[in-house]
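The structure file query09.pdb is reproduced below (PDB, C-alpha atoms and all ligand atoms).
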ATOM      1  CA  MET A   1     -66.505  25.400   2.998  1.00  0.00           C
ATOM      2  CA  SER A   2     -63.093  26.455   4.275  1.00  0.00           C
ATOM      3  CA  LYS A   3     -60.363  27.399   1.842  1.00  0.00           C
ATOM      4  CA  GLY A   4     -58.064  24.571   0.845  1.00  0.00           C
ATOM      5  CA  PHE A   5     -54.392  24.686   1.653  1.00  0.00           C
ATOM      6  CA  LEU A   6     -51.029  23.102   0.996  1.00  0.00           C
ATOM      7  CA  LEU A   7     -49.522  20.956   3.723  1.00  0.00           C
ATOM      8  CA  VAL A   8     -45.802  20.548   3.183  1.00  0.00           C
ATOM      9  CA  VAL A   9     -44.117  17.639   4.957  1.00  0.00           C
ATOM     10  CA  SER A  10     -40.315  17.531   4.893  1.00  0.00           C
ATOM     11  CA  GLY A  11     -37.749  15.616   6.850  1.00  0.00           C
ATOM     12  CA  PRO A  12     -34.501  13.828   6.194  1.00  0.00           C
ATOM     13  CA  SER A  13     -34.473  10.699   4.089  1.00  0.00           C
ATOM     14  CA  GLY A  14     -35.163   7.690   6.329  1.00  0.00           C
ATOM     15  CA  CYS A  15     -37.071   9.630   8.997  1.00  0.00           C
ATOM     16  CA  GLY A  16     -40.194   7.697   8.032  1.00  0.00           C
ATOM     17  CA  LYS A  17     -41.960  10.395   6.010  1.00  0.00           C
ATOM     18  CA  GLY A  18     -43.259   7.842   3.532  1.00  0.00           C
ATOM     19  CA  THR A  19     -44.630   5.494   6.207  1.00  0.00           C
ATOM     20  CA  VAL A  20     -46.210   8.319   8.196  1.00  0.00           C
ATOM     21  CA  CYS A  21     -47.823   9.866   5.101  1.00  0.00           C
ATOM     22  CA  LYS A  22     -49.111   6.477   3.912  1.00  0.00           C
ATOM     23  CA  GLU A  23     -50.853   5.945   7.253  1.00  0.00           C
ATOM     24  CA  LEU A  24     -52.120   9.515   7.219  1.00  0.00           C
ATOM     25  CA  PHE A  25     -53.779   8.968   3.828  1.00  0.00           C
ATOM     26  CA  LYS A  26     -55.208   5.622   4.897  1.00  0.00           C
ATOM     27  CA  ARG A  27     -56.988   7.247   7.838  1.00  0.00           C
ATOM     28  CA  ASN A  28     -57.971  10.478   6.072  1.00  0.00           C
ATOM     29  CA  GLU A  29     -59.248   9.656   2.616  1.00  0.00           C
ATOM     30  CA  GLU A  30     -60.210  13.269   1.956  1.00  0.00           C
ATOM     31  CA  LEU A  31     -56.545  14.343   1.924  1.00  0.00           C
ATOM     32  CA  ILE A  32     -54.992  14.711  -1.526  1.00  0.00           C
ATOM     33  CA  PHE A  33     -51.481  13.424  -2.148  1.00  0.00           C
ATOM     34  CA  SER A  34     -49.513  15.362  -4.726  1.00  0.00           C
ATOM     35  CA  VAL A  35     -47.707  12.766  -6.869  1.00  0.00           C
ATOM     36  CA  SER A  36     -44.297  14.205  -7.736  1.00  0.00           C
ATOM     37  CA  VAL A  37     -42.399  13.846 -10.965  1.00  0.00           C
ATOM     38  CA  THR A  38     -38.887  12.395 -10.676  1.00  0.00           C
ATOM     39  CA  THR A  39     -35.936  11.351 -12.811  1.00  0.00           C
ATOM     40  CA  ARG A  40     -35.041   8.691 -10.187  1.00  0.00           C
ATOM     41  CA  LYS A  41     -35.429   5.054 -11.198  1.00  0.00           C
ATOM     42  CA  PRO A  42     -38.383   3.269  -9.546  1.00  0.00           C
ATOM     43  CA  ARG A  43     -37.574   1.137  -6.504  1.00  0.00           C
ATOM     44  CA  ASN A  44     -39.016  -2.356  -6.165  1.00  0.00           C
ATOM     45  CA  GLY A  45     -42.774  -2.144  -5.766  1.00  0.00           C
ATOM     46  CA  GLU A  46     -43.072   1.507  -6.763  1.00  0.00           C
ATOM     47  CA  ILE A  47     -45.783   2.219  -9.311  1.00  0.00           C
ATOM     48  CA  ASN A  48     -45.672   4.937 -11.966  1.00  0.00           C
ATOM     49  CA  GLY A  49     -48.406   7.488 -11.304  1.00  0.00           C
ATOM     50  CA  VAL A  50     -48.924   6.267  -7.732  1.00  0.00           C
ATOM     51  CA  ASN A  51     -45.631   6.834  -5.921  1.00  0.00           C
ATOM     52  CA  TYR A  52     -44.124   9.126  -8.541  1.00  0.00           C
ATOM     53  CA  PHE A  53     -44.354   9.921 -12.224  1.00  0.00           C
ATOM     54  CA  PHE A  54     -41.028   8.465 -13.371  1.00  0.00           C
ATOM     55  CA  ILE A  55     -39.638  10.359 -16.356  1.00  0.00           C
ATOM     56  CA  HIS A  56     -36.343  11.001 -18.176  1.00  0.00           C
ATOM     57  CA  GLU A  57     -34.263  14.096 -17.546  1.00  0.00           C
ATOM     58  CA  GLU A  58     -35.048  15.535 -20.976  1.00  0.00           C
ATOM     59  CA  LYS A  59     -38.797  15.506 -20.270  1.00  0.00           C
ATOM     60  CA  PHE A  60     -38.148  16.944 -16.808  1.00  0.00           C
ATOM     61  CA  ASN A  61     -36.201  19.837 -18.353  1.00  0.00           C
ATOM     62  CA  ASN A  62     -39.081  20.471 -20.773  1.00  0.00           C
ATOM     63  CA  MET A  63     -41.485  20.672 -17.846  1.00  0.00           C
ATOM     64  CA  VAL A  64     -39.171  23.167 -16.121  1.00  0.00           C
ATOM     65  CA  GLU A  65     -39.029  25.309 -19.264  1.00  0.00           C
ATOM     66  CA  ASN A  66     -42.827  25.199 -19.580  1.00  0.00           C
ATOM     67  CA  HIS A  67     -43.231  26.353 -15.935  1.00  0.00           C
ATOM     68  CA  GLU A  68     -45.192  23.211 -15.090  1.00  0.00           C
ATOM     69  CA  PHE A  69     -43.728  22.878 -11.586  1.00  0.00           C
ATOM     70  CA  LEU A  70     -44.868  24.552  -8.384  1.00  0.00           C
ATOM     71  CA  GLU A  71     -41.341  23.803  -7.178  1.00  0.00           C
ATOM     72  CA  TYR A  72     -38.532  21.494  -8.204  1.00  0.00           C
ATOM     73  CA  ALA A  73     -35.136  20.520  -6.874  1.00  0.00           C
ATOM     74  CA  GLN A  74     -32.206  18.205  -7.288  1.00  0.00           C
ATOM     75  CA  VAL A  75     -32.134  15.787  -4.372  1.00  0.00           C
ATOM     76  CA  HIS A  76     -29.463  13.083  -3.930  1.00  0.00           C
ATOM     77  CA  ASN A  77     -28.434  13.335  -7.623  1.00  0.00           C
ATOM     78  CA  ASN A  78     -31.981  13.055  -9.003  1.00  0.00           C
ATOM     79  CA  TYR A  79     -34.553  15.673  -9.950  1.00  0.00           C
ATOM     80  CA  TYR A  80     -37.949  15.950  -8.282  1.00  0.00           C
ATOM     81  CA  GLY A  81     -40.815  18.355  -8.932  1.00  0.00           C
ATOM     82  CA  THR A  82     -44.416  19.078  -7.910  1.00  0.00           C
ATOM     83  CA  PRO A  83     -46.855  19.454 -10.826  1.00  0.00           C
ATOM     84  CA  LYS A  84     -48.446  22.895 -10.421  1.00  0.00           C
ATOM     85  CA  LYS A  85     -51.787  22.569 -12.216  1.00  0.00           C
ATOM     86  CA  PHE A  86     -53.065  19.589 -10.215  1.00  0.00           C
ATOM     87  CA  VAL A  87     -52.191  21.081  -6.849  1.00  0.00           C
ATOM     88  CA  LEU A  88     -53.666  24.522  -7.509  1.00  0.00           C
ATOM     89  CA  GLU A  89     -56.915  23.091  -8.880  1.00  0.00           C
ATOM     90  CA  LYS A  90     -57.435  20.996  -5.742  1.00  0.00           C
ATOM     91  CA  ILE A  91     -56.762  23.890  -3.376  1.00  0.00           C
ATOM     92  CA  GLU A  92     -59.201  26.022  -5.335  1.00  0.00           C
ATOM     93  CA  LYS A  93     -61.814  23.342  -4.627  1.00  0.00           C
ATOM     94  CA  GLY A  94     -61.160  23.566  -0.883  1.00  0.00           C
ATOM     95  CA  GLU A  95     -59.015  20.435  -0.560  1.00  0.00           C
ATOM     96  CA  VAL A  96     -55.989  19.900   1.643  1.00  0.00           C
ATOM     97  CA  VAL A  97     -53.085  18.852  -0.587  1.00  0.00           C
ATOM     98  CA  VAL A  98     -50.074  17.148   0.986  1.00  0.00           C
ATOM     99  CA  LEU A  99     -46.631  17.653  -0.536  1.00  0.00           C
ATOM    100  CA  GLU A 100     -43.949  15.277   0.694  1.00  0.00           C
ATOM    101  CA  ILE A 101     -40.932  17.229  -0.501  1.00  0.00           C
ATOM    102  CA  ASP A 102     -37.407  18.184   0.499  1.00  0.00           C
ATOM    103  CA  VAL A 103     -36.307  21.410   2.176  1.00  0.00           C
ATOM    104  CA  GLN A 104     -35.207  23.155  -1.039  1.00  0.00           C
ATOM    105  CA  GLY A 105     -38.668  22.574  -2.501  1.00  0.00           C
ATOM    106  CA  ALA A 106     -40.388  23.641   0.722  1.00  0.00           C
ATOM    107  CA  LEU A 107     -38.498  26.953   0.691  1.00  0.00           C
ATOM    108  CA  GLN A 108     -39.671  27.601  -2.885  1.00  0.00           C
ATOM    109  CA  VAL A 109     -43.275  26.836  -1.879  1.00  0.00           C
ATOM    110  CA  LYS A 110     -42.945  29.168   1.125  1.00  0.00           C
ATOM    111  CA  LYS A 111     -41.904  32.015  -1.156  1.00  0.00           C
ATOM    112  CA  ALA A 112     -44.733  31.463  -3.632  1.00  0.00           C
ATOM    113  CA  TYR A 113     -47.443  30.361  -1.139  1.00  0.00           C
ATOM    114  CA  PRO A 114     -46.598  31.683   2.332  1.00  0.00           C
ATOM    115  CA  GLU A 115     -50.041  30.618   3.553  1.00  0.00           C
ATOM    116  CA  ALA A 116     -49.062  26.940   3.149  1.00  0.00           C
ATOM    117  CA  VAL A 117     -48.472  24.897   6.323  1.00  0.00           C
ATOM    118  CA  PHE A 118     -44.999  23.495   6.910  1.00  0.00           C
ATOM    119  CA  ILE A 119     -44.252  20.410   9.011  1.00  0.00           C
ATOM    120  CA  PHE A 120     -40.764  19.071   9.678  1.00  0.00           C
ATOM    121  CA  LEU A 121     -40.608  15.390  10.555  1.00  0.00           C
ATOM    122  CA  LEU A 122     -37.620  14.408  12.681  1.00  0.00           C
ATOM    123  CA  PRO A 123     -36.213  11.015  13.672  1.00  0.00           C
ATOM    124  CA  PRO A 124     -35.771  10.415  17.423  1.00  0.00           C
ATOM    125  CA  SER A 125     -31.984  10.687  16.826  1.00  0.00           C
ATOM    126  CA  MET A 126     -29.507  10.903  13.951  1.00  0.00           C
ATOM    127  CA  ASN A 127     -28.111   7.439  14.875  1.00  0.00           C
ATOM    128  CA  GLU A 128     -31.610   6.022  14.580  1.00  0.00           C
ATOM    129  CA  LEU A 129     -31.921   7.738  11.191  1.00  0.00           C
ATOM    130  CA  LYS A 130     -28.803   6.014   9.861  1.00  0.00           C
ATOM    131  CA  GLU A 131     -30.009   2.657  11.198  1.00  0.00           C
ATOM    132  CA  ARG A 132     -33.340   3.116   9.424  1.00  0.00           C
ATOM    133  CA  ILE A 133     -31.704   3.933   6.077  1.00  0.00           C
ATOM    134  CA  ILE A 134     -29.386   0.914   6.387  1.00  0.00           C
ATOM    135  CA  LYS A 135     -32.317  -1.360   7.328  1.00  0.00           C
ATOM    136  CA  ARG A 136     -34.310  -0.189   4.299  1.00  0.00           C
ATOM    137  CA  GLY A 137     -31.575  -1.832   2.220  1.00  0.00           C
ATOM    138  CA  THR A 138     -32.283   0.148  -0.947  1.00  0.00           C
ATOM    139  CA  GLU A 139     -29.224   2.410  -0.904  1.00  0.00           C
ATOM    140  CA  THR A 140     -25.532   1.738  -1.490  1.00  0.00           C
ATOM    141  CA  GLU A 141     -23.033   2.778   1.201  1.00  0.00           C
ATOM    142  CA  LYS A 142     -22.158   5.832  -0.886  1.00  0.00           C
ATOM    143  CA  ASP A 143     -25.846   6.795  -1.133  1.00  0.00           C
ATOM    144  CA  ILE A 144     -26.285   6.315   2.616  1.00  0.00           C
ATOM    145  CA  ASN A 145     -23.423   8.721   3.290  1.00  0.00           C
ATOM    146  CA  ILE A 146     -24.879  11.291   0.857  1.00  0.00           C
ATOM    147  CA  ARG A 147     -28.278  11.009   2.549  1.00  0.00           C
ATOM    148  CA  MET A 148     -26.789  11.427   6.054  1.00  0.00           C
ATOM    149  CA  LYS A 149     -24.837  14.490   4.942  1.00  0.00           C
ATOM    150  CA  ASN A 150     -27.981  15.935   3.371  1.00  0.00           C
ATOM    151  CA  ALA A 151     -29.965  15.147   6.530  1.00  0.00           C
ATOM    152  CA  PHE A 152     -27.680  17.349   8.640  1.00  0.00           C
ATOM    153  CA  LYS A 153     -27.926  20.124   6.035  1.00  0.00           C
ATOM    154  CA  GLU A 154     -31.730  19.887   5.887  1.00  0.00           C
ATOM    155  CA  ILE A 155     -32.158  20.130   9.641  1.00  0.00           C
ATOM    156  CA  GLU A 156     -30.434  23.520   9.564  1.00  0.00           C
ATOM    157  CA  PHE A 157     -33.588  24.893   7.892  1.00  0.00           C
ATOM    158  CA  ILE A 158     -35.974  23.750  10.605  1.00  0.00           C
ATOM    159  CA  ASP A 159     -36.736  27.338  11.679  1.00  0.00           C
ATOM    160  CA  GLU A 160     -38.450  27.940   8.338  1.00  0.00           C
ATOM    161  CA  TYR A 161     -41.147  25.413   9.321  1.00  0.00           C
ATOM    162  CA  ASP A 162     -44.299  25.907  11.419  1.00  0.00           C
ATOM    163  CA  TYR A 163     -44.384  22.553  13.245  1.00  0.00           C
ATOM    164  CA  ILE A 164     -42.008  19.813  14.372  1.00  0.00           C
ATOM    165  CA  VAL A 165     -43.201  16.216  14.618  1.00  0.00           C
ATOM    166  CA  ILE A 166     -40.831  13.570  15.979  1.00  0.00           C
ATOM    167  CA  ASN A 167     -41.415  10.219  14.377  1.00  0.00           C
ATOM    168  CA  ASP A 168     -40.715   7.821  17.199  1.00  0.00           C
ATOM    169  CA  LYS A 169     -43.925   5.813  16.912  1.00  0.00           C
ATOM    170  CA  VAL A 170     -45.646   6.098  13.529  1.00  0.00           C
ATOM    171  CA  MET A 171     -49.189   6.358  14.890  1.00  0.00           C
ATOM    172  CA  ASP A 172     -48.202   9.113  17.344  1.00  0.00           C
ATOM    173  CA  ALA A 173     -46.681  11.112  14.504  1.00  0.00           C
ATOM    174  CA  VAL A 174     -49.800  10.563  12.354  1.00  0.00           C
ATOM    175  CA  GLU A 175     -52.087  11.727  15.143  1.00  0.00           C
ATOM    176  CA  LYS A 176     -49.988  14.850  15.651  1.00  0.00           C
ATOM    177  CA  ILE A 177     -50.248  15.702  11.954  1.00  0.00           C
ATOM    178  CA  GLU A 178     -54.021  15.138  12.112  1.00  0.00           C
ATOM    179  CA  THR A 179     -54.201  17.550  15.038  1.00  0.00           C
ATOM    180  CA  ILE A 180     -52.244  20.151  13.058  1.00  0.00           C
ATOM    181  CA  ILE A 181     -54.607  19.756  10.084  1.00  0.00           C
ATOM    182  CA  THR A 182     -57.664  20.136  12.319  1.00  0.00           C
ATOM    183  CA  ALA A 183     -56.268  23.287  13.917  1.00  0.00           C
ATOM    184  CA  GLU A 184     -55.227  24.754  10.570  1.00  0.00           C
ATOM    185  CA  LYS A 185     -58.697  24.149   9.108  1.00  0.00           C
ATOM    186  CA  LEU A 186     -60.165  26.154  12.012  1.00  0.00           C
ATOM    187  CA  LYS A 187     -58.018  29.234  11.439  1.00  0.00           C
ATOM    188  CA  VAL A 188     -60.051  32.404  10.983  1.00  0.00           C
ATOM    189  CA  LYS A 189     -58.163  33.295   7.794  1.00  0.00           C
ATOM    190  CA  ARG A 190     -59.511  30.152   6.117  1.00  0.00           C
ATOM    191  CA  HIS A 191     -63.122  31.148   6.870  1.00  0.00           C
ATOM    192  CA  LYS A 192     -63.356  34.601   5.370  1.00  0.00           C
ATOM    193  CA  ASN A 193     -67.108  34.452   4.722  1.00  0.00           C
ATOM    194  CA  ILE A 194     -68.119  32.893   8.016  1.00  0.00           C
ATOM    195  CA  MET A 195     -69.907  35.987   9.397  1.00  0.00           C
ATOM    196  CA  GLU A 196     -72.076  36.322   6.274  1.00  0.00           C
ATOM    197  CA  LYS A 197     -73.156  32.701   6.658  1.00  0.00           C
ATOM    198  CA  ILE A 198     -73.916  33.003  10.356  1.00  0.00           C
ATOM    199  CA  ILE A 199     -75.890  36.235  10.020  1.00  0.00           C
ATOM    200  CA  SER A 200     -77.961  35.197   6.999  1.00  0.00           C
TER     201      SER A 200
HETATM  202  P1  LIG B 301     -36.992   9.351  -2.438  1.00  0.00           P
HETATM  203  O1  LIG B 301     -36.071   9.216  -3.611  1.00  0.00           O
HETATM  204  O2  LIG B 301     -36.414   8.701  -1.218  1.00  0.00           O
HETATM  205  O3  LIG B 301     -38.385   8.937  -2.746  1.00  0.00           O
HETATM  206  O4  LIG B 301     -37.072  10.900  -2.091  1.00  0.00           O
HETATM  207  C1  LIG B 301     -35.919  11.640  -1.851  1.00  0.00           C
HETATM  208  C2  LIG B 301     -36.279  13.019  -1.349  1.00  0.00           C
HETATM  209  O5  LIG B 301     -36.948  13.751  -2.379  1.00  0.00           O
HETATM  210  C3  LIG B 301     -37.228  13.015  -0.165  1.00  0.00           C
HETATM  211  O6  LIG B 301     -36.731  13.950   0.780  1.00  0.00           O
HETATM  212  C4  LIG B 301     -38.530  13.493  -0.747  1.00  0.00           C
HETATM  213  O7  LIG B 301     -39.317  14.190   0.201  1.00  0.00           O
HETATM  214  C5  LIG B 301     -38.032  14.435  -1.811  1.00  0.00           C
HETATM  215  N1  LIG B 301     -39.045  14.700  -2.833  1.00  0.00           N
HETATM  216  C6  LIG B 301     -39.997  13.865  -3.327  1.00  0.00           C
HETATM  217  N2  LIG B 301     -40.760  14.478  -4.219  1.00  0.00           N
HETATM  218  C7  LIG B 301     -40.312  15.760  -4.296  1.00  0.00           C
HETATM  219  C8  LIG B 301     -40.728  16.920  -5.033  1.00  0.00           C
HETATM  220  O8  LIG B 301     -41.659  16.926  -5.825  1.00  0.00           O
HETATM  221  N3  LIG B 301     -40.003  18.044  -4.835  1.00  0.00           N
HETATM  222  C9  LIG B 301     -38.953  18.119  -3.978  1.00  0.00           C
HETATM  223  N4  LIG B 301     -38.341  19.287  -3.843  1.00  0.00           N
HETATM  224  N5  LIG B 301     -38.548  17.065  -3.258  1.00  0.00           N
HETATM  225  C10 LIG B 301     -39.213  15.896  -3.408  1.00  0.00           C
END

Any chance you could put this one into structure tokens?
Amino acid sequence: MSKGFLLVVSGPSGCGKGTVCKELFKRNEELIFSVSVTTRKPRNGEINGVNYFFIHEEKFNNMVENHEFLEYAQVHNNYYGTPKKFVLEKIEKGEVVVLEIDVQGALQVKKAYPEAVFIFLLPPSMNELKERIIKRGTETEKDINIRMKNAFKEIEFIDEYDYIVINDKVMDAVEKIETIITAEKLKVKRHKNIMEKIIS
């Protein structure tokens, strides 16, 4: 069995991260999705424990104090964090755990777990990104402007990532991520005991 690893997927709001990851999980049932904790209010159709664990800020602060997060950050005026225990247990068991998190969180993960794999998902263009956020219809004009400003800031950190995937067509982006996972699983460093197995 190869060692498990963290796969971090970031990209500006509206670049289709959610859609791409949903399709990725549909086609690869062995992948583990890390359900984040957030202080954001649920959107229509979002389910507690499936999309996020929706909690109040006070509880979030308690979790921070108790060191329960692998990483956490304030994104667009809400707090988001990755529960540490769940993720580390799965990796220990050899699973690939996918974190769909923002750049600030990804940088924290990189510091603590440099062996994680980092993918940056990009829209075909920034105009297209704005169109997608507007079409989604879940944000106010003020929120849209905040998200566009944040998108430009996030892209500045692209050099910290290992791979770029442009989300023009969802299935193309999914296939590229699958290729990255396959290649990463084959890395020598994830098969430390391979020679013992082959020789015995
Ligand atoms: P949304 O509110 O649209 O679901 O997510 C807003 C942003 O928060 C997205 O960029 C998403 O990737 C990021 N995000 C979601 N969960 C986490 C998390 O646990 N940690 C961090 N740092 N960012 C997260």

Query - Explicit residues for the PyMOL selection byres (((not hetatm)) within 7 of (chain B and resi 301)) (as a ChimeraX atom specification) - result: /A:10-13,36-37,40,71-73,75-76,80-82,100-106

Given the selection you just returned, output its residues as a file containing C-alpha atoms, formatted as a PDB file, in the coordinates of the input.
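selection-v7.pdb written:
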ATOM      1  CA  SER A  10     -40.315  17.531   4.893  1.00  0.00           C
ATOM      2  CA  GLY A  11     -37.749  15.616   6.850  1.00  0.00           C
ATOM      3  CA  PRO A  12     -34.501  13.828   6.194  1.00  0.00           C
ATOM      4  CA  SER A  13     -34.473  10.699   4.089  1.00  0.00           C
ATOM      5  CA  SER A  36     -44.297  14.205  -7.736  1.00  0.00           C
ATOM      6  CA  VAL A  37     -42.399  13.846 -10.965  1.00  0.00           C
ATOM      7  CA  ARG A  40     -35.041   8.691 -10.187  1.00  0.00           C
ATOM      8  CA  GLU A  71     -41.341  23.803  -7.178  1.00  0.00           C
ATOM      9  CA  TYR A  72     -38.532  21.494  -8.204  1.00  0.00           C
ATOM     10  CA  ALA A  73     -35.136  20.520  -6.874  1.00  0.00           C
ATOM     11  CA  VAL A  75     -32.134  15.787  -4.372  1.00  0.00           C
ATOM     12  CA  HIS A  76     -29.463  13.083  -3.930  1.00  0.00           C
ATOM     13  CA  TYR A  80     -37.949  15.950  -8.282  1.00  0.00           C
ATOM     14  CA  GLY A  81     -40.815  18.355  -8.932  1.00  0.00           C
ATOM     15  CA  THR A  82     -44.416  19.078  -7.910  1.00  0.00           C
ATOM     16  CA  GLU A 100     -43.949  15.277   0.694  1.00  0.00           C
ATOM     17  CA  ILE A 101     -40.932  17.229  -0.501  1.00  0.00           C
ATOM     18  CA  ASP A 102     -37.407  18.184   0.499  1.00  0.00           C
ATOM     19  CA  VAL A 103     -36.307  21.410   2.176  1.00  0.00           C
ATOM     20  CA  GLN A 104     -35.207  23.155  -1.039  1.00  0.00           C
ATOM     21  CA  GLY A 105     -38.668  22.574  -2.501  1.00  0.00           C
ATOM     22  CA  ALA A 106     -40.388  23.641   0.722  1.00  0.00           C
TER      23      ALA A 106
END

Query - Two-atom distance - atom CA of Leu7 of chain A, atom CA of Lys135 of chain A (Å) - result: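 According to the coordinates, atom CA of Leu7 of chain A and atom CA of Lys135 of chain A are separated by 28.4 Å.
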
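Here atom CA of Asp162 of chain A stands at a distance of 17.6 Å from atom CA of Cys21 of chain A.
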
Report task. Evaluate the PyMOL selection byres (((chain A and resi 133) around 9) and not hetatm) on the structure here and hand back the selected residues as a PyMOL selection string. Result -> chain A and resi 13-15+128-132+134-139+144+147-148

Please produce a file of those selected residues containing C-alpha atoms, as a PDB file, keeping the file's coordinate frame.
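The result, stored in out.pdb:
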ATOM      1  CA  SER A  13     -34.473  10.699   4.089  1.00  0.00           C
ATOM      2  CA  GLY A  14     -35.163   7.690   6.329  1.00  0.00           C
ATOM      3  CA  CYS A  15     -37.071   9.630   8.997  1.00  0.00           C
ATOM      4  CA  GLU A 128     -31.610   6.022  14.580  1.00  0.00           C
ATOM      5  CA  LEU A 129     -31.921   7.738  11.191  1.00  0.00           C
ATOM      6  CA  LYS A 130     -28.803   6.014   9.861  1.00  0.00           C
ATOM      7  CA  GLU A 131     -30.009   2.657  11.198  1.00  0.00           C
ATOM      8  CA  ARG A 132     -33.340   3.116   9.424  1.00  0.00           C
ATOM      9  CA  ILE A 134     -29.386   0.914   6.387  1.00  0.00           C
ATOM     10  CA  LYS A 135     -32.317  -1.360   7.328  1.00  0.00           C
ATOM     11  CA  ARG A 136     -34.310  -0.189   4.299  1.00  0.00           C
ATOM     12  CA  GLY A 137     -31.575  -1.832   2.220  1.00  0.00           C
ATOM     13  CA  THR A 138     -32.283   0.148  -0.947  1.00  0.00           C
ATOM     14  CA  GLU A 139     -29.224   2.410  -0.904  1.00  0.00           C
ATOM     15  CA  ILE A 144     -26.285   6.315   2.616  1.00  0.00           C
ATOM     16  CA  ARG A 147     -28.278  11.009   2.549  1.00  0.00           C
ATOM     17  CA  MET A 148     -26.789  11.427   6.054  1.00  0.00           C
TER      18      MET A 148
END

Query raised in the report: Taking into account only C-alpha atoms, which residue in the set A:Met63, A:Ile47, A:Val98, A:Ile119 is nearest to Glu30 of chain A?
Result: A:Val98

Query raised in the report: How would you write, as JSON, numbers by chain, the residues chosen by the PyMOL selection byres (((chain A and resi 185) around 12) and not hetatm) on this structure?
Result: {"A": [1, 2, 3, 4, 5, 6, 7, 94, 95, 96, 116, 117, 178, 179, 180, 181, 182, 183, 184, 186, 187, 188, 189, 190, 191]}
